[in-house]
Structures are given as structure tokens and as C-alpha cells.
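What follows is data-v9.cif (mmCIF, C-alpha atoms).
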```
data_run
loop_
_atom_site.label_atom_id
_atom_site.label_comp_id
_atom_site.auth_asym_id
_atom_site.auth_seq_id
_atom_site.Cartn_x
_atom_site.Cartn_y
_atom_site.Cartn_z
CA MET P 15 -8.10 -10.25 14.94
CA ARG P 16 -9.67 -13.66 14.35
CA ALA P 17 -12.93 -11.88 13.52
CA VAL P 18 -11.13 -10.19 10.64
CA ALA P 19 -9.19 -13.11 9.24
CA GLY P 20 -10.53 -16.31 10.72
CA GLY P 21 -13.54 -18.44 10.12
CA LEU P 22 -14.92 -19.75 6.88
CA SER P 23 -15.69 -16.41 5.27
CA PRO P 24 -13.25 -13.62 6.08
CA ARG P 25 -14.58 -10.13 5.55
CA TRP P 26 -11.77 -9.21 3.19
CA VAL P 27 -14.09 -8.59 0.24
CA THR P 28 -15.80 -5.61 1.87
CA ALA P 29 -12.46 -4.23 3.05
CA PHE P 30 -10.98 -4.70 -0.42
CA LEU P 31 -13.88 -2.92 -2.12
CA LEU P 32 -13.55 0.02 0.29
CA VAL P 33 -9.76 0.17 -0.24
CA ALA P 34 -10.10 -0.04 -4.03
CA LEU P 35 -12.84 2.61 -4.15
CA SER P 36 -10.95 4.93 -1.79
CA THR P 37 -7.73 4.49 -3.78
CA ARG P 38 -9.50 5.33 -7.02
CA ILE P 39 -11.20 8.38 -5.50
CA LEU P 40 -7.85 9.64 -4.21
CA GLU P 41 -6.24 9.15 -7.64
CA ILE P 42 -9.04 11.09 -9.33
CA LEU P 43 -9.00 13.90 -6.75
CA THR P 44 -5.22 14.34 -6.88
CA GLY P 45 -5.42 14.39 -10.67
CA GLY P 46 -7.80 17.36 -10.57
CA SER P 47 -10.48 15.70 -12.67
CA ARG P 48 -13.69 17.63 -13.26
CA LEU P 49 -15.41 14.53 -14.61
CA PHE P 50 -15.26 12.77 -11.24
CA PHE P 51 -18.20 10.39 -11.56
CA GLU P 52 -17.46 9.56 -15.19
CA ARG P 53 -13.89 8.59 -14.35
CA LEU P 54 -14.97 6.71 -11.23
CA ALA P 55 -17.37 4.55 -13.25
CA SER P 56 -14.95 3.97 -16.11
CA THR P 57 -13.40 0.69 -17.21
CA GLU P 58 -10.07 2.07 -16.03
CA SER P 59 -11.35 1.93 -12.43
CA ALA P 60 -12.23 -1.75 -12.77
CA VAL P 61 -8.84 -2.54 -14.29
CA GLN P 62 -7.05 -0.68 -11.49
CA ALA P 63 -9.08 -2.61 -8.88
CA ILE P 64 -8.03 -5.89 -10.53
CA ILE P 65 -4.40 -4.75 -10.55
CA LEU P 66 -4.67 -3.79 -6.86
CA LEU P 67 -6.15 -7.20 -6.04
CA GLY P 68 -3.39 -8.90 -8.02
CA GLY P 69 -0.74 -6.93 -6.16
CA ILE P 70 -2.23 -7.83 -2.79
CA PHE P 71 -2.47 -11.47 -3.88
CA ALA P 72 1.19 -11.50 -5.00
CA LEU P 73 2.22 -9.89 -1.71
CA SER P 74 0.25 -12.54 0.19
CA VAL P 75 1.88 -15.35 -1.78
CA CYS P 76 5.36 -13.96 -1.08
CA GLY P 77 4.54 -13.57 2.62
CA PHE P 78 3.13 -17.08 2.80
CA LEU P 79 6.22 -18.52 1.07
CA LEU P 80 8.49 -16.67 3.51
CA CYS P 81 6.48 -18.14 6.39
CA VAL P 82 6.97 -21.62 4.92
CA ILE P 83 10.72 -20.98 4.57
CA LEU P 84 10.88 -19.78 8.19
CA GLY P 85 9.04 -22.90 9.32
CA VAL P 86 5.84 -21.12 10.39
CA THR P 87 3.13 -23.69 9.80
CA GLU P 88 0.41 -22.02 11.86
CA LEU P 89 -0.29 -19.28 9.30
CA GLN P 90 -2.75 -20.09 6.55
CA PHE P 91 -2.94 -18.22 3.24
CA LEU P 92 -6.47 -16.78 3.41
CA PRO P 93 -6.05 -15.19 6.87
CA LEU P 94 -2.75 -13.64 5.73
CA PHE P 95 -4.46 -12.32 2.59
CA ALA P 96 -7.27 -10.85 4.71
CA LEU P 97 -4.76 -9.18 7.04
CA ILE P 98 -2.94 -7.58 4.12
CA VAL P 99 -6.20 -6.33 2.59
CA HIS P 100 -7.18 -4.74 5.90
CA ALA P 101 -3.70 -3.26 6.39
CA GLU P 102 -3.97 -1.59 2.96
CA ALA P 103 -6.54 0.73 4.55
CA ILE P 104 -3.64 2.31 6.47
CA LEU P 105 -1.96 3.28 3.22
CA VAL P 106 -5.24 4.69 1.92
CA THR P 107 -5.42 6.73 5.14
CA ARG P 108 -2.01 8.16 4.24
CA GLY P 109 -3.39 9.22 0.88
CA MET P 110 -6.36 10.90 2.55
CA VAL P 111 -4.11 12.74 5.00
CA ASN P 112 -1.91 13.82 2.08
CA LEU P 113 -4.96 15.11 0.22
CA VAL P 114 -6.24 17.10 3.19
CA LEU P 115 -2.81 18.57 3.96
CA MET P 116 -2.29 19.45 0.29
CA ALA P 117 -5.69 21.16 0.22
CA PHE P 118 -4.60 23.39 3.09
CA ARG P 119 -1.25 24.03 1.44
CA ALA P 120 -2.65 24.76 -2.04
CA PRO P 121 -6.46 25.11 -2.14
CA VAL P 122 -6.68 24.53 -5.89
CA LEU P 123 -5.41 21.30 -7.37
CA HIS P 124 -4.22 21.99 -10.88
CA PRO P 125 -4.79 19.28 -13.51
CA GLY P 126 -1.51 17.66 -14.43
CA ALA P 127 0.29 19.03 -11.37
CA GLU P 128 2.86 16.68 -9.89
CA TYR P 129 1.67 14.90 -6.77
CA LEU P 130 3.84 15.94 -3.84
CA PRO P 131 3.23 13.97 -0.67
CA ALA P 132 2.45 16.10 2.36
CA VAL P 133 3.46 13.31 4.75
CA PRO P 134 7.16 12.85 4.05
CA GLY P 135 9.18 9.72 4.44
CA LEU P 136 12.93 9.31 4.45
CA ASP P 137 12.98 11.15 1.11
CA LEU P 138 12.91 14.32 3.22
CA PHE P 139 16.64 13.80 3.81
CA ALA P 140 17.56 13.20 0.15
CA GLY P 141 18.37 15.93 -2.35
CA SER P 142 15.78 15.51 -5.09
CA SER P 143 17.97 16.96 -7.84
CA THR P 144 20.59 14.21 -7.75
CA VAL P 145 18.61 11.19 -6.57
CA ASN P 146 16.93 8.73 -8.93
CA ALA P 147 13.11 8.79 -8.98
CA GLY P 148 12.99 5.12 -7.93
CA LEU P 149 15.12 5.80 -4.87
CA LEU P 150 12.96 8.81 -3.96
CA TYR P 151 9.85 6.62 -4.26
CA PHE P 152 11.43 3.97 -2.03
CA LEU P 153 12.54 6.51 0.57
CA ASN P 154 9.12 8.18 0.52
CA GLY P 155 7.53 4.78 1.10
CA LEU P 156 9.34 4.52 4.44
CA ASN P 157 7.20 6.87 6.53
CA PRO P 158 5.09 6.77 9.71
CA PHE P 159 2.17 5.16 7.88
CA SER P 160 4.33 2.36 6.48
CA ILE P 161 5.67 1.68 9.97
CA TRP P 162 2.07 1.53 11.19
CA TYR P 163 1.30 -0.87 8.28
CA CYS P 164 4.23 -3.10 9.26
CA VAL P 165 3.32 -3.16 12.96
CA THR P 166 -0.34 -3.89 12.16
CA LEU P 167 0.60 -6.84 9.96
CA ALA P 168 2.99 -8.23 12.55
CA VAL P 169 0.57 -7.88 15.45
CA GLY P 170 -2.22 -9.35 13.31
CA MET P 171 -0.13 -12.37 12.35
CA HIS P 172 0.93 -12.90 15.96
CA ALA P 173 -2.61 -12.49 17.33
CA ASP P 174 -4.23 -14.65 14.66
CA THR P 175 -1.86 -17.58 14.71
CA GLY P 176 0.33 -17.24 17.78
CA ILE P 177 3.53 -17.29 15.74
CA PRO P 178 6.51 -15.73 17.55
CA LYS P 179 6.61 -11.94 17.44
CA GLN P 180 10.11 -11.90 15.94
CA LYS P 181 9.05 -14.02 12.97
CA ALA P 182 5.86 -11.99 12.55
CA PHE P 183 7.86 -8.73 12.45
CA LEU P 184 10.37 -10.29 10.05
CA VAL P 185 7.59 -11.31 7.65
CA ALA P 186 5.82 -7.94 7.99
CA SER P 187 9.08 -6.05 7.36
CA PHE P 188 9.77 -8.20 4.31
CA LEU P 189 6.26 -7.49 2.98
CA LEU P 190 6.71 -3.75 3.52
CA LEU P 191 10.07 -3.74 1.73
CA LEU P 192 8.56 -5.78 -1.09
CA ARG P 193 5.53 -3.50 -1.33
CA VAL P 194 7.68 -0.38 -1.52
CA GLY P 195 10.69 -1.89 -3.28
CA VAL P 196 9.11 -3.47 -6.37
CA PRO P 197 7.43 -0.27 -7.62
CA ALA P 198 10.62 1.66 -6.79
CA ILE P 199 12.69 -0.73 -8.91
CA LEU P 200 10.21 -0.45 -11.79
CA LEU P 201 10.28 3.34 -11.50
CA TRP P 202 14.08 3.30 -11.42
CA ILE P 203 14.17 1.14 -14.58
CA ALA P 204 11.70 3.45 -16.32
CA ALA P 205 13.69 6.53 -15.30
CA SER P 206 16.94 4.93 -16.46
CA ALA P 207 15.40 3.93 -19.80
CA GLY P 208 14.08 7.49 -20.27
CA ARG P 209 17.58 8.95 -19.98
CA GLU P 210 19.00 6.74 -22.71
#
```
Same coordinates, now as C-alpha cells:
Amino acid sequence: MRAVAGGLSPRWVTAFLLVALSTRILEILTGGSRLFFERLASTESAVQAIILLGGIFALSVCGFLLCVILGVTELQFLPLFALIVHAEAILVTRGMVNLVLMAFRAPVLHPGAEYLPAVPGLDLFAGSSTVNAGLLYFLNGLNPFSIWYCVTLAVGMHADTGIPKQKAFLVASFLLLLRVGVPAILLWIAASAGRE
């Protein structure tokens, strides 16, 4: 893991570019765009990459602050940032699996069709007619890939710095809940505002 995060120049830039490009390709493909290359090269793609980087940076800051609060002094910011960037590839993998499974389920993606995840989370147990969209998003975010994300972060933090496993899993769980919870809260607010 030190090869990923340690040293003077972590390889997070290459990983970030691959994650950002893959995320954008998945968004375009699930949107059913016929102008694939035009949309991929648009200014919107650059803005979304900057937003993604900002989100990963904010997540890293929150994780680093939690480590400071817990008294973990071994973890440095840049290695934590690099670990989070590399762990984002797991969530991109979920998007790719969703896309492949959706292609088998419905061979033609219709423009404007609602994106239904093929890999369910805990939202599988909620009735979609009575549950708020934010809660559905949160429950869908708790799935096998998010557990893999959490375990990868925890093992990476433990392997890179030697911090106790319990603290590493606490920080990784907090980061997962933050990563899924903040968009869910924003979606819940937007859905509540739309009903008024």
C-alpha cells in the first residue's frame, strides 16, 4: 500500500484521471447520449472532474480531522487523499457492473430514462412509493461495493500507517457514511422543496 500512497509523489493523479474519465463515460452512457465524444470533450466534463476532485478533497479533510480527534498522529493527509482516490475506483466498478447488468436487462438505453441500479443496496427492502428519494439514495449507497470501499480504506490506512484496525475501520465507516449521507441529505432537501 505504501507504493500507492507513500513517498514524495503518490500516484493519485493517474488514478484520479482514470476515475474521473470512467465516471464521465458512465454518466454519458447511462444518459443514452448519441453525441458521446462531443459530450466527453465538453466543458461540463471538466467541471464535473473538478467537482469530483473537490468532493474527494473534502472527504479527505474530514477523514484527516477525525483521525486528529481520535489521536491518530501516524496518518498524513496526502497518503489518506491518495487512498481515497484509489478507493473511488471501486465505486466506478459498481457503475460499470450496473451498466453491464442493465444492458442485459434492457438492451436499449432510452434517453431520459431513469437510472435504476442493477446492484441493489439496502433500498431493496424499502417500499419506493412511500420512502423519500434521499432515504432511497442513502439505502442504495449501502451495498456490497460500498462495503468493499470501506474495507479497502480501512486496510489501506492500517497497512500504510500501522494505526489500530479498530480506528481505521471507524474512520473508513465514517467516510463511507459521509460519502453516501451528504448527497442523500441534499437529495432529501431538494425532494422536500419540490413538494412545497
List, as a VMD selection string, every residue that the PyMOL selection byres ((chain P and resi 164) around 10) selects in the file provided. chain P and resid 98 101 104 158 to 163 165 to 170 182 to 191
Evaluate the PyMOL selection byres ((chain P and resi 102) around 9) and record the selected residues as a VMD selection string, following the chain and residue labels used in the document. chain P and resid 29 to 30 33 70 97 to 101 103 to 107 163
Mind checking which residues fall within 7 Å of region 147-153 of chain P, counting all atoms listed in the file, ignoring those fewer than 4 positions away in the same chain, and posting them as a ChimeraX atom specification? /P:135-137,194-195,198-199,201-202,205
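Computed from the coordinates, the CA of Met110 (chain P) to CA of Val133 (chain P) distance equals 10.3 Å.
In this model, the gap between CA of Met171 (chain P) and CA of Leu80 (chain P) comes to 13.1 Å.
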My list of candidates is P:Gly77, P:Pro93, P:Pro134, P:Gly176. Which is closest to Val111 (chain P) when distances are computed with all atoms listed in the file? P:Pro134
Rounded to one decimal place, report the CA of Thr37 (chain P)-CA of Gly109 (chain P) distance in Å.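 Result for CA of Thr37 (chain P) versus CA of Gly109 (chain P): 7.9 Å, one decimal.
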Find the residue from P:Gly155, P:Pro178, P:Gly68, P:Gly85 that sits nearest to Arg193 (chain P); use all atoms listed in the file when measuring.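 Of P:Gly155, P:Pro178, P:Gly68, P:Gly85, the one nearest Arg193 (chain P) is P:Gly155, counting all atoms listed in the file.
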Given all atoms listed in the file as the basis, pick out the residue of P:Ile177, P:Leu192, P:Leu200, P:Asn146 nearest to Ser74 (chain P). P:Leu192
Measuring atom to atom with all atoms listed in the file, identify which of P:Val114, P:Ala207, P:Asn157, P:Gln180 is nearest to Cys81 (chain P). P:Gln180
